[in-house]
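S.K.: Sharing target_33.cif (mmCIF, C-alpha atoms and all ligand atoms) below.
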```
data_protein
loop_
_atom_site.label_atom_id
_atom_site.label_comp_id
_atom_site.auth_asym_id
_atom_site.auth_seq_id
_atom_site.Cartn_x
_atom_site.Cartn_y
_atom_site.Cartn_z
CA MET A 1 -27.75 5.96 -2.77
CA LEU A 2 -24.28 6.02 -1.24
CA PRO A 3 -21.48 7.93 -2.98
CA LYS A 4 -19.68 5.60 -5.40
CA ILE A 5 -15.91 5.10 -5.29
CA VAL A 6 -13.74 3.36 -7.90
CA VAL A 7 -10.80 1.48 -6.42
CA THR A 8 -8.12 0.65 -9.00
CA GLY A 9 -6.10 -2.39 -8.02
CA GLY A 10 -9.05 -3.50 -5.89
CA CYS A 11 -8.00 -7.17 -6.05
CA GLY A 12 -4.55 -6.32 -4.69
CA TYR A 13 -3.22 -6.24 -1.16
CA ILE A 14 -3.94 -2.70 0.04
CA GLY A 15 -6.77 -2.22 -2.46
CA SER A 16 -8.82 -5.15 -1.16
CA HIS A 17 -8.34 -4.15 2.48
CA THR A 18 -9.42 -0.62 1.60
CA ILE A 19 -12.56 -1.96 -0.11
CA ILE A 20 -13.38 -3.86 3.10
CA GLU A 21 -13.01 -0.70 5.22
CA LEU A 22 -15.00 1.43 2.72
CA ILE A 23 -17.88 -1.07 2.85
CA GLU A 24 -17.71 -1.44 6.62
CA SER A 25 -17.80 2.34 7.10
CA GLY A 26 -21.34 2.18 5.66
CA ARG A 27 -20.65 5.45 3.84
CA TYR A 28 -19.56 4.29 0.37
CA ASP A 29 -20.54 2.10 -2.51
CA VAL A 30 -17.52 0.55 -4.25
CA ILE A 31 -16.51 -0.80 -7.64
CA SER A 32 -13.08 -2.14 -8.53
CA VAL A 33 -10.93 -2.00 -11.65
CA ASP A 34 -8.13 -4.56 -11.74
CA SER A 35 -6.53 -6.45 -14.63
CA CYS A 36 -5.54 -9.22 -12.18
CA VAL A 37 -2.08 -9.58 -13.77
CA ARG A 38 -0.57 -9.26 -10.28
CA SER A 39 -3.61 -10.35 -8.25
CA THR A 40 -6.56 -12.73 -8.56
CA PRO A 41 -10.29 -12.16 -9.09
CA GLU A 42 -10.92 -14.57 -6.17
CA THR A 43 -9.97 -11.69 -3.88
CA MET A 44 -13.54 -10.48 -4.34
CA ASP A 45 -14.79 -13.79 -2.87
CA ARG A 46 -12.69 -13.10 0.22
CA VAL A 47 -14.01 -9.54 0.44
CA GLU A 48 -17.54 -10.97 0.23
CA ASN A 49 -16.82 -13.57 2.93
CA ILE A 50 -15.73 -10.79 5.27
CA THR A 51 -18.25 -8.05 4.43
CA GLY A 52 -21.21 -9.94 2.96
CA VAL A 53 -21.08 -7.58 -0.03
CA ARG A 54 -20.21 -8.60 -3.60
CA VAL A 55 -18.05 -5.96 -5.24
CA LYS A 56 -17.96 -5.79 -9.04
CA ASN A 57 -14.49 -5.89 -10.53
CA TYR A 58 -13.98 -4.57 -14.05
CA ARG A 59 -11.17 -6.78 -15.27
CA LEU A 60 -9.25 -4.53 -17.60
CA ASP A 61 -5.94 -2.76 -17.97
CA ILE A 62 -6.13 0.92 -17.01
CA CYS A 63 -3.49 1.64 -19.64
CA ASP A 64 -6.24 0.72 -22.16
CA LYS A 65 -7.91 4.12 -22.05
CA GLU A 66 -10.98 3.20 -24.09
CA ALA A 67 -11.80 0.21 -21.86
CA PHE A 68 -11.11 2.21 -18.69
CA PHE A 69 -13.29 5.15 -19.75
CA LYS A 70 -16.22 2.79 -20.34
CA VAL A 71 -16.33 2.25 -16.57
CA PHE A 72 -17.10 5.96 -16.14
CA GLU A 73 -19.65 5.94 -18.95
CA GLU A 74 -21.42 3.05 -17.23
CA ASN A 75 -21.16 4.67 -13.77
CA PRO A 76 -21.88 8.40 -14.15
CA ASP A 77 -22.31 8.70 -10.35
CA ILE A 78 -18.64 8.15 -9.40
CA VAL A 79 -17.49 10.69 -6.80
CA GLY A 80 -13.99 9.45 -6.15
CA ILE A 81 -11.10 7.33 -7.39
CA ILE A 82 -8.60 5.58 -5.12
CA HIS A 83 -5.70 4.71 -7.39
CA PHE A 84 -3.61 1.76 -6.19
CA ALA A 85 -3.02 -0.17 -9.42
CA ALA A 86 0.74 -0.23 -10.05
CA TYR A 87 3.76 -2.50 -10.15
CA LYS A 88 5.77 -2.32 -6.92
CA ALA A 89 8.71 -4.72 -6.92
CA VAL A 90 11.91 -2.78 -6.39
CA GLY A 91 14.30 -5.36 -7.94
CA GLU A 92 12.11 -5.92 -10.98
CA SER A 93 11.92 -2.17 -11.57
CA VAL A 94 15.72 -2.04 -11.76
CA GLU A 95 15.76 -4.85 -14.34
CA GLN A 96 12.78 -3.64 -16.40
CA PRO A 97 12.48 0.11 -15.87
CA LEU A 98 10.47 0.85 -19.02
CA MET A 99 7.82 -1.64 -17.99
CA TYR A 100 7.50 0.32 -14.72
CA TYR A 101 7.38 3.77 -16.32
CA ARG A 102 4.93 2.62 -19.00
CA ASN A 103 2.59 0.79 -16.63
CA ASN A 104 2.63 3.01 -13.55
CA LEU A 105 2.70 6.37 -15.32
CA GLY A 106 0.53 5.37 -18.30
CA ALA A 107 -2.18 4.17 -15.94
CA LEU A 108 -1.96 7.34 -13.84
CA ALA A 109 -2.22 9.54 -16.96
CA ASN A 110 -5.48 7.77 -17.82
CA VAL A 111 -6.77 8.14 -14.26
CA LEU A 112 -6.04 11.89 -14.36
CA GLU A 113 -7.64 12.26 -17.78
CA ALA A 114 -10.73 10.39 -16.52
CA CYS A 115 -10.95 12.80 -13.56
CA GLN A 116 -11.04 15.73 -15.97
CA ARG A 117 -13.23 14.21 -18.69
CA PHE A 118 -15.83 12.75 -16.32
CA SER A 119 -15.64 15.50 -13.67
CA VAL A 120 -14.62 13.18 -10.84
CA PRO A 121 -14.25 15.49 -7.83
CA ASN A 122 -11.97 13.41 -5.55
CA LEU A 123 -8.78 11.40 -6.03
CA LEU A 124 -6.50 9.52 -3.61
CA PHE A 125 -3.08 8.43 -4.87
CA SER A 126 -1.07 5.59 -3.44
CA SER A 127 2.50 6.84 -3.02
CA SER A 128 5.41 5.60 -0.95
CA CYS A 129 7.93 6.78 1.61
CA SER A 130 10.51 5.69 -0.98
CA VAL A 131 10.00 9.16 -2.57
CA TYR A 132 12.15 10.56 0.28
CA GLY A 133 15.20 8.50 -0.72
CA ASP A 134 17.93 8.14 1.89
CA VAL A 135 16.96 10.76 4.45
CA GLU A 136 19.24 12.30 7.06
CA HIS A 137 16.75 13.51 9.64
CA LEU A 138 14.20 11.24 11.25
CA PRO A 139 11.28 11.05 11.54
CA VAL A 140 10.45 12.21 8.01
CA SER A 141 7.57 14.65 7.71
CA GLU A 142 5.74 15.78 4.59
CA ALA A 143 8.00 18.85 4.58
CA THR A 144 11.09 16.65 4.07
CA PRO A 145 12.19 17.21 0.47
CA MET A 146 12.24 14.29 -1.96
CA GLY A 147 15.68 12.75 -2.33
CA GLN A 148 17.38 10.81 -5.08
CA ALA A 149 15.09 7.87 -6.00
CA MET A 150 16.81 4.59 -5.10
CA CYS A 151 15.14 2.67 -7.96
CA PRO A 152 12.80 3.18 -10.96
CA TYR A 153 9.80 2.08 -8.84
CA ALA A 154 10.42 4.94 -6.39
CA HIS A 155 11.00 7.27 -9.35
CA THR A 156 7.54 6.39 -10.78
CA LYS A 157 6.05 7.49 -7.45
CA GLN A 158 7.98 10.78 -7.55
CA ILE A 159 6.92 11.48 -11.14
CA GLY A 160 3.37 10.34 -10.37
CA GLU A 161 3.12 12.86 -7.54
CA GLY A 162 4.39 15.54 -9.93
CA MET A 163 1.77 14.61 -12.52
CA ILE A 164 -1.01 15.02 -9.96
CA GLN A 165 0.37 18.38 -8.78
CA SER A 166 0.61 19.57 -12.41
CA MET A 167 -3.01 18.63 -13.14
CA ALA A 168 -4.18 20.79 -10.24
CA ILE A 169 -3.70 23.82 -12.53
CA PRO A 170 -5.74 22.80 -15.61
CA ASN A 171 -8.21 20.74 -13.56
CA PRO A 172 -8.68 22.38 -10.13
CA SER A 173 -12.13 20.84 -9.74
CA THR A 174 -10.58 17.45 -8.94
CA HIS A 175 -9.22 17.56 -5.39
CA SER A 176 -6.51 15.04 -4.61
CA LEU A 177 -4.54 13.64 -1.71
CA ILE A 178 -1.18 11.96 -2.10
CA LEU A 179 -0.69 9.29 0.57
CA ARG A 180 2.87 8.20 1.27
CA TYR A 181 2.91 4.80 2.93
CA PHE A 182 5.68 3.44 5.08
CA ASN A 183 5.75 -0.40 5.37
CA PRO A 184 2.24 -1.90 5.25
CA VAL A 185 2.20 -5.44 6.65
CA GLY A 186 -0.15 -7.98 8.20
CA ALA A 187 -3.53 -9.25 7.05
CA HIS A 188 -7.21 -8.73 7.82
CA ILE A 189 -7.73 -9.45 11.49
CA SER A 190 -10.06 -12.36 10.58
CA GLY A 191 -7.10 -13.99 8.77
CA MET A 192 -9.35 -14.40 5.72
CA ASN A 193 -7.64 -11.88 3.42
CA GLY A 194 -4.06 -10.83 3.01
CA GLU A 195 -1.20 -10.42 0.60
CA LEU A 196 -0.71 -13.10 -2.05
CA SER A 197 3.05 -13.41 -1.95
CA PRO A 198 5.06 -14.38 -4.97
CA ASP A 199 6.89 -17.74 -4.72
CA LYS A 200 10.06 -15.89 -3.81
CA PRO A 201 9.00 -12.88 -1.73
CA ASN A 202 11.45 -10.04 -1.08
CA ASN A 203 9.74 -8.34 1.83
CA LEU A 204 10.44 -9.13 5.43
CA ILE A 205 7.07 -10.31 6.81
CA PRO A 206 6.18 -12.63 3.89
CA ILE A 207 9.65 -14.19 4.24
CA ILE A 208 9.27 -14.59 8.02
CA MET A 209 5.91 -16.31 7.40
CA ARG A 210 7.47 -18.71 4.90
CA VAL A 211 10.11 -19.68 7.43
CA ALA A 212 7.57 -19.96 10.26
CA SER A 213 5.39 -22.29 8.16
CA GLY A 214 8.31 -24.43 7.00
CA LYS A 215 8.05 -23.46 3.32
CA GLN A 216 11.53 -22.01 3.49
CA PRO A 217 14.18 -23.60 5.73
CA GLN A 218 16.03 -20.46 6.80
CA MET A 219 16.25 -16.71 6.36
CA THR A 220 18.93 -14.05 6.70
CA VAL A 221 18.97 -10.78 8.62
CA PHE A 222 20.39 -8.39 6.04
CA GLY A 223 23.01 -6.45 7.95
CA THR A 224 23.75 -6.31 11.67
CA ASP A 225 26.39 -3.57 11.63
CA TYR A 226 24.19 -0.55 10.95
CA GLU A 227 24.32 2.37 13.36
CA THR A 228 21.00 1.46 14.93
CA ARG A 229 20.13 0.26 18.45
CA ASP A 230 20.74 -3.43 17.62
CA GLY A 231 22.66 -3.12 14.33
CA SER A 232 19.77 -4.21 12.07
CA CYS A 233 17.67 -1.92 9.84
CA ILE A 234 14.77 0.07 11.22
CA ARG A 235 11.45 0.55 9.41
CA ASP A 236 8.02 1.96 10.18
CA TYR A 237 5.66 -1.04 9.88
CA LEU A 238 1.93 -0.48 10.03
CA HIS A 239 -1.06 -2.77 9.78
CA VAL A 240 -2.70 -2.95 6.34
CA SER A 241 -6.17 -2.40 7.85
CA ASP A 242 -4.90 0.80 9.49
CA ILE A 243 -3.67 1.99 6.08
CA ALA A 244 -7.05 0.99 4.63
CA ASP A 245 -8.89 2.94 7.33
CA ALA A 246 -6.74 5.99 6.53
CA HIS A 247 -8.11 5.89 2.97
CA VAL A 248 -11.69 5.97 4.22
CA LYS A 249 -10.86 8.94 6.43
CA ALA A 250 -8.97 10.63 3.57
CA MET A 251 -11.97 10.19 1.27
CA ASP A 252 -14.27 11.60 3.99
CA TYR A 253 -11.93 14.60 4.28
CA LEU A 254 -12.22 15.35 0.56
CA VAL A 255 -15.93 14.57 0.23
CA GLU A 256 -16.67 16.86 3.20
CA GLY A 257 -14.54 19.61 1.63
CA ARG A 258 -12.16 19.88 4.60
CA ASN A 259 -9.04 20.16 2.41
CA GLN A 260 -7.30 23.54 2.15
CA GLU A 261 -5.48 22.94 -1.13
CA VAL A 262 -6.40 21.31 -4.43
CA CYS A 263 -3.65 18.75 -3.76
CA GLU A 264 -2.33 17.80 -0.31
CA VAL A 265 0.25 15.28 0.89
CA PHE A 266 0.04 12.96 3.91
CA ASN A 267 2.46 10.45 5.41
CA LEU A 268 0.86 7.23 6.62
CA GLY A 269 3.06 5.50 9.15
CA SER A 270 2.82 4.33 12.73
CA GLY A 271 5.57 6.72 13.78
CA ASN A 272 7.47 3.84 15.42
CA GLY A 273 10.74 2.47 14.18
CA VAL A 274 11.07 -1.30 14.62
CA SER A 275 14.26 -3.22 13.79
CA VAL A 276 14.50 -6.49 11.86
CA LEU A 277 15.71 -8.29 14.99
CA GLU A 278 12.81 -6.87 17.00
CA MET A 279 10.40 -8.12 14.33
CA LEU A 280 11.91 -11.61 14.55
CA ASP A 281 11.73 -11.55 18.32
CA ALA A 282 8.07 -10.45 18.24
CA THR A 283 7.26 -13.24 15.75
CA GLU A 284 8.86 -15.89 17.96
CA LYS A 285 6.66 -14.70 20.82
CA VAL A 286 3.50 -14.74 18.70
CA ILE A 287 4.06 -18.20 17.16
CA GLY A 288 5.59 -19.63 20.34
CA ARG A 289 8.80 -21.06 18.92
CA LYS A 290 12.23 -20.13 17.55
CA LEU A 291 12.67 -19.11 13.92
CA ASN A 292 15.60 -20.34 11.90
CA TYR A 293 17.53 -17.24 10.88
CA VAL A 294 21.17 -16.30 10.41
CA LEU A 295 22.90 -12.94 10.67
CA GLY A 296 24.17 -11.91 7.24
CA GLU A 297 25.51 -9.23 4.95
CA ARG A 298 23.74 -5.97 4.15
CA ARG A 299 21.27 -6.02 1.22
CA PRO A 300 22.44 -3.57 -1.47
CA GLY A 301 20.28 -0.45 -1.67
CA ASP A 302 18.87 -0.71 1.87
CA ILE A 303 18.84 2.41 3.99
CA PRO A 304 19.70 1.98 7.69
CA ALA A 305 16.59 3.53 9.18
CA ILE A 306 13.42 5.28 8.08
CA TYR A 307 10.27 6.06 9.99
CA GLY A 308 7.64 8.66 9.55
CA ASP A 309 5.99 11.57 11.27
CA SER A 310 2.29 11.02 10.58
CA ARG A 311 0.96 13.76 12.87
CA ARG A 312 -0.58 15.61 9.93
CA ALA A 313 -2.78 12.58 9.15
CA ASN A 314 -3.52 12.14 12.86
CA GLU A 315 -4.62 15.73 13.27
CA LEU A 316 -6.34 16.54 9.96
CA LEU A 317 -7.80 13.16 9.03
CA GLY A 318 -8.46 12.06 12.62
CA TRP A 319 -6.63 8.85 11.81
CA HIS A 320 -4.75 6.76 14.39
CA CYS A 321 -3.29 3.27 14.13
CA LYS A 322 -5.35 0.70 16.02
CA PHE A 323 -3.00 -2.27 15.62
CA ASN A 324 0.43 -2.93 17.12
CA VAL A 325 3.36 -5.09 15.99
CA GLU A 326 1.91 -8.24 17.64
CA ASP A 327 -1.39 -7.70 15.76
CA MET A 328 0.54 -7.31 12.50
CA ILE A 329 2.36 -10.59 13.00
CA ALA A 330 -0.57 -12.54 14.46
CA SER A 331 -2.84 -11.56 11.54
CA ALA A 332 -0.14 -12.40 8.97
CA TRP A 333 0.29 -15.79 10.69
CA LYS A 334 -3.46 -16.42 10.66
CA TRP A 335 -3.58 -15.60 6.93
CA GLU A 336 -0.60 -17.89 6.24
CA ASN A 337 -2.46 -20.78 7.88
CA TYR A 338 -5.73 -19.84 6.18
CA GLN A 339 -4.01 -20.03 2.77
CA ASP A 340 -2.53 -23.44 3.60
CA ASN A 341 -5.89 -24.79 4.80
CA ASN A 342 -7.82 -23.45 1.82
CA ASN A 343 -5.34 -24.20 -1.00
CA ILE A 344 -4.81 -20.53 -1.79
C1 LIG B 401 10.56 -2.28 0.42
C2 LIG B 401 10.88 -1.43 -0.76
C3 LIG B 401 10.05 -0.17 -0.69
C4 LIG B 401 8.59 -0.50 -0.63
C5 LIG B 401 8.33 -1.41 0.57
C6 LIG B 401 6.91 -1.87 0.61
C7 LIG B 401 13.24 -2.06 -1.12
C8 LIG B 401 14.65 -1.58 -1.17
N1 LIG B 401 12.31 -1.16 -0.77
O1 LIG B 401 10.96 -1.56 1.56
O2 LIG B 401 10.31 0.63 -1.82
O3 LIG B 401 7.82 0.68 -0.51
O4 LIG B 401 9.18 -2.55 0.49
O5 LIG B 401 6.63 -2.42 1.86
O6 LIG B 401 12.98 -3.21 -1.41
N2 LIG B 401 15.08 -7.95 5.49
C9 LIG B 401 15.91 -8.92 6.04
N3 LIG B 401 15.83 -10.20 5.55
C10 LIG B 401 14.98 -10.55 4.54
C11 LIG B 401 14.14 -9.55 3.98
C12 LIG B 401 14.21 -8.26 4.48
O7 LIG B 401 16.68 -8.65 6.95
O8 LIG B 401 14.99 -11.72 4.14
C13 LIG B 401 15.17 -6.59 6.01
C14 LIG B 401 15.57 -5.58 4.96
O9 LIG B 401 16.96 -5.50 4.84
C15 LIG B 401 14.94 -4.30 5.52
C16 LIG B 401 13.71 -4.80 6.29
O10 LIG B 401 13.88 -6.20 6.45
O11 LIG B 401 15.81 -3.72 6.42
C17 LIG B 401 12.43 -4.55 5.56
O12 LIG B 401 12.57 -5.03 4.24
P1 LIG B 401 11.36 -5.02 3.21
O13 LIG B 401 10.18 -5.70 3.78
O14 LIG B 401 11.89 -5.52 1.90
O15 LIG B 401 10.96 -3.48 3.09
P2 LIG B 401 11.81 -2.20 2.69
O16 LIG B 401 13.13 -2.56 2.17
O17 LIG B 401 11.76 -1.25 3.82
#
```
In structure tokens, write the structure found in this file.
Ligand code: UD1

M.R.:
Amino acid sequence: MLPKIVVTGGCGYIGSHTIIELIESGRYDVISVDSCVRSTPETMDRVENITGVRVKNYRLDICDKEAFFKVFEENPDIVGIIHFAAYKAVGESVEQPLMYYRNNLGALANVLEACQRFSVPNLLFSSSCSVYGDVEHLPVSEATPMGQAMCPYAHTKQIGEGMIQSMAIPNPSTHSLILRYFNPVGAHISGMNGELSPDKPNNLIPIIMRVASGKQPQMTVFGTDYETRDGSCIRDYLHVSDIADAHVKAMDYLVEGRNQEVCEVFNLGSGNGVSVLEMLDATEKVIGRKLNYVLGERRPGDIPAIYGDSRRANELLGWHCKFNVEDMIASAWKWENYQDNNNI
């Protein structure tokens, strides 16, 4: 019997890619808990197409404690939780902050209570580089203090991290890692699983893909007068399967008892800053034609540049990114075409 891991948000973007990597490692058995309010149960068909394994999804809301706890009653052999399930749209969090606090923090409270009640020894928490706010010194390391949260979504990640740290005192038998992601992009290298974008995406790569596939006539580069090498914003993009692989290695680290503290923090980034214009240029090379974009005004709330120092994860988890910017774009493009050809 392999150790059993619960992935919350397993039908979502990073959750489903992590399930694929957990299965392909051959070291873990996986179940998923996802209400599918922001994802679809068909994701598990795609996971099965890629891995040959059918993963059970418990379709329930983690904020419903009674329903969530039944998963642990039914599966007394759970050794770890990877908690992804959360809302993540920055703009929406500004308009509906209470929905964000209630959902993201209510769910996390139930996850932490489940860890204590059912003696789950290992927990990974999906956090974000947005906890750093607008940083002065780059690259940002785990030692960089948290800054002012730029939106309620980022604030839920800051509070969530605090909740986990606080639980380390009354419940030191659950060991946890907080993983702060930079900008996960791309799709499974097969092109058969990826992010299901909303009709009006806000993030750069989904928008580039809409323009490349003709679903959107044009896009705008938000700001070309920043103090960066080409005037556009710089971010630390990394391939979603690299992020997923980091979770497998992080779980190994906890299961093997290599952690020094009850709760530790890791940045997950590629360590490379890439500008918006460089991303567009790389996309044109990958798809072999020009994209229709215009140079425009800054987007309110954007920071000029952020990229991470992920050496701690490299050294302690033995994790290194395998995919480069071209792989990120080529896989996203494959997934875009796969969706069009399969009515997804
Ligand atoms: C956003 C979130 C961040 C979240 C991350 C997840 C904001 C302010 N922040 O980060 O909290 O963790 O997604 O990946 O939304 N851009 C354009 N034109 C476009 C769209 C984007 O030029 O049409 C630029 C943006 O100005 C930015 C860069 O592309 O400089 C990346 O944008 P995006 O993909 O939205 O990510 P972040 O803003 O870094």

S.K.: Determine, counting only C-alpha atoms, which protein, DNA and RNA residues have an atom within 8 Å of an atom of Asn110 (chain A); residues of the same chain fewer than 2 positions away are not included. Present the result as a list in words.

M.R.: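 The neighbour list is Ile62, Cys63, Lys65, Phe68, Gly106, Ala107, Leu108, Leu112, Glu113 and Ala114 of chain A.
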
S.K.: Sorted by chain and rising residue number, which residues of chain A lie within 6 Å of ligand LIG 401 (chain B), and what are their closest atom pairs and distances in Å to one decimal, counting only C-alpha atoms and all ligand atoms, as a tab-separated table?

M.R.:
```
residue	atom	partner	partner_atom	distance
A:Val90	CA	B:LIG401	O6	5.1
A:Ser128	CA	B:LIG401	O3	5.5
A:Ser130	CA	B:LIG401	O2	5.1
A:Asn183	CA	B:LIG401	O5	4.1
A:Pro184	CA	B:LIG401	O5	5.6
A:Asn202	CA	B:LIG401	O14	5.4
A:Asn203	CA	B:LIG401	O13	3.3
A:Leu204	CA	B:LIG401	O13	3.8
A:Ile207	CA	B:LIG401	O8	5.9
A:Met219	CA	B:LIG401	O8	5.6
A:Thr220	CA	B:LIG401	N3	5.1
A:Val221	CA	B:LIG401	O7	3.5
A:Phe222	CA	B:LIG401	O7	3.8
A:Cys233	CA	B:LIG401	O11	4.3
A:Arg235	CA	B:LIG401	O17	5.9
A:Val276	CA	B:LIG401	O10	5.5
A:Arg299	CA	B:LIG401	O9	5.7
A:Gly301	CA	B:LIG401	C8	5.8
A:Asp302	CA	B:LIG401	C8	5.3
```

S.K.: Which residue out of A:Gln148, A:Asn337, A:Ser126, A:Asn342 has the minimum interatomic distance to Glu161 (chain A) when all atoms listed in the file are used?

M.R.: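 Closest to Glu161 (chain A) of all the choices is A:Ser126.
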
S.K.: For Glu297 (chain A), which residue out of A:Tyr226, A:Tyr58, A:Tyr100, A:Phe118 is the nearest one, using all atoms listed in the file?

M.R.: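 Using all atoms listed in the file, Glu297 (chain A) sits closest to A:Tyr226.
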
S.K.: List every protein, DNA or RNA residue that has an atom no more than 8 Å from (17.8, 4.7, 8.5) in the file's coordinate frame, counting all atoms listed in the file, and report them as a ChimeraX atom specification.

M.R.: /A:134-136,138,228,233-235,303-307

S.K.: Using only C-alpha atoms, I'd like a table of the residues in region 207-257 of chain A that come within 10 Å of region 73-82 of chain A; for each, show the closest atom pair and its distance in Å rounded to one decimal, ordered by chain and ascending number, as CSV.

M.R.:
```
residue,atom,partner,partner_atom,distance
A:His247,CA,A:Ile82,CA,8.1
A:Val248,CA,A:Ile82,CA,9.8
A:Met251,CA,A:Gly80,CA,7.7
A:Leu254,CA,A:Gly80,CA,9.1
A:Val255,CA,A:Val79,CA,8.2
```

S.K.: Using only C-alpha atoms, which residue out of A:Gly52, A:Gly318, A:Gly308, A:Gly194 lies closest to Thr144 (chain A)?

M.R.: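 Looking at the shortest contact to Thr144 (chain A), the residue is A:Gly308.
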